[in-house]
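The structure appears below as structure tokens.
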Amino acid sequence: MSSSAADRRVMLVVGWTRILVAVAVVGVLLLTFAGRVAVGDDNPFDYFGYFTNQTSLLTSGVLIATGALMVSGRPAPRWLTSARAVAVACLIVVAAVYNVLVPGTGSAPPWVSAILHVFFPLFVLVDWLIVGDRRPVPWGTLWIVLPYPLAWLTVVLIRGATDGWVPYGFLLPERGVVSLAGHSIGILLALVVAGALAWAGSRAPGVVLRAVPTRD
């Protein structure tokens, strides 16, 4: 990394911004969950079974890790950069589905939905595009965008077939095999497309901290 004082100041600002935004999002998730507990809906597996909530929590962890490394002046390892790329892809889908396909739905307060479906995905995407603290993610690794959503989808479908709980109506077992298969394939295809956008975005030179290397 550059040793100039100006770059160091930028690194501190970017690093602490990532940490503070991520901590704030975790706080929003926990506050919202506490509200559900207060009315008797205290199952964390249901609350964090929503792709938005689960992905926001995991992405916050990734941002805190990369922010802490930047504050300490250390480059991020390649696996962490890849994890950020997956997080960007997942949040692109979260934002697109909520704001384009099913706007205004859900039981969360409007301000919570705005944070999780608009502000946070936008922050993560802009951060990914303009801060050059990552090398291009190899196209040959695009497949890594799928394991996490596949695991989430598998658990949801199993729960739907056993205890009857699903986070979204289009995944209800009574919709039938054809509907479930179609929606599942659609979700995964959307993630691949979003992943391609994230992978392409990793090739942007960055507006700040250009060409900052990552650790092997």
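Ordered as shown in the structure tokens, chains take letters A, B, and onward, while each chain numbers its residues from 1 and ligands are numbered from 1 in the order shown.
Around Trp165 of chain A, within 12 Å and counting only C-alpha atoms, the residues found are Asn43, Phe45, Asp46, Tyr47, Gly49, Tyr50, Val155, Val156, Leu157, Ile158, Arg159, Gly160, Phe170, Leu171, Leu172, Pro173 and Glu174 of chain A, once anything fewer than 5 positions away on its own chain is removed.
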(request) Using DSSP on the backbone coordinates, identify the residues of segment 8-189 of chain A assigned to helix (DSSP H, G or I); present them as a ChimeraX atom specification. (result) /A:8-38,44-47,51-71,78-101,110-130,139-145,147-162,169-171,173-175,177-189
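Picture a line from atom CA of Met11 of chain A to atom CA of Val86 of chain A; it runs 22.5 Å.
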(request) Kindly give the distance, in Å, that separates atom CA of Ala83 of chain A and atom CA of Pro167 of chain A, rounded to a single decimal. (result) 24.0 Å
(request) Figure out the distance between atom CA of Val88 of chain A and atom CA of Leu63 of chain A, please, to one decimal in Å. (result)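 If I compute the distance from atom CA of Leu63 of chain A to atom CA of Val88 of chain A, I get 10.9 Å.
Minimum distance to Leu57 of chain A across A:Leu153, A:Val71, A:Val166, A:Val26 (counting only C-alpha atoms) occurs at A:Val26.
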(request) Write out as a VMD selection string the residues lying within 8 Å of Leu142 of chain A, counting only C-alpha atoms and excluding same-chain residues fewer than 4 positions away. (result) chain A and resid 138 192 195 to 196 199
Rows by chain and residue number, segment 120-175 of chain A within 10 Å of segment 202-209 of chain A, shortest pair, only C-alpha atoms, as CSV:
residue,atom,partner,partner_atom,distance
A:Asp127,CA,A:Gly206,CA,9.3
A:Trp128,CA,A:Ser202,CA,7.1
A:Leu129,CA,A:Gly206,CA,6.2
A:Ile130,CA,A:Gly206,CA,4.3
A:Val131,CA,A:Gly206,CA,4.9
A:Gly132,CA,A:Gly206,CA,4.2
A:Asp133,CA,A:Leu209,CA,6.3
A:Arg134,CA,A:Ser202,CA,7.0
A:Arg135,CA,A:Ser202,CA,6.7
A:Pro136,CA,A:Ser202,CA,4.8
A:Val137,CA,A:Ser202,CA,6.2
A:Pro138,CA,A:Ser202,CA,9.3
(request) Find the residues near Val93 of chain A: any atom within 8 Å, counting only C-alpha atoms, skip ones fewer than 3 places away on the same chain, and give them as a PyMOL selection string. (result) chain A and resi 89-90+96-97+190-191+194
(message) Using only C-alpha atoms, can you tell me which of A:Asp42, A:Ile19, A:Thr59, A:Leu122 comes closest to Ser82 of chain A?
(response)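 With only C-alpha atoms as the atom set, the closest residue is A:Thr59.
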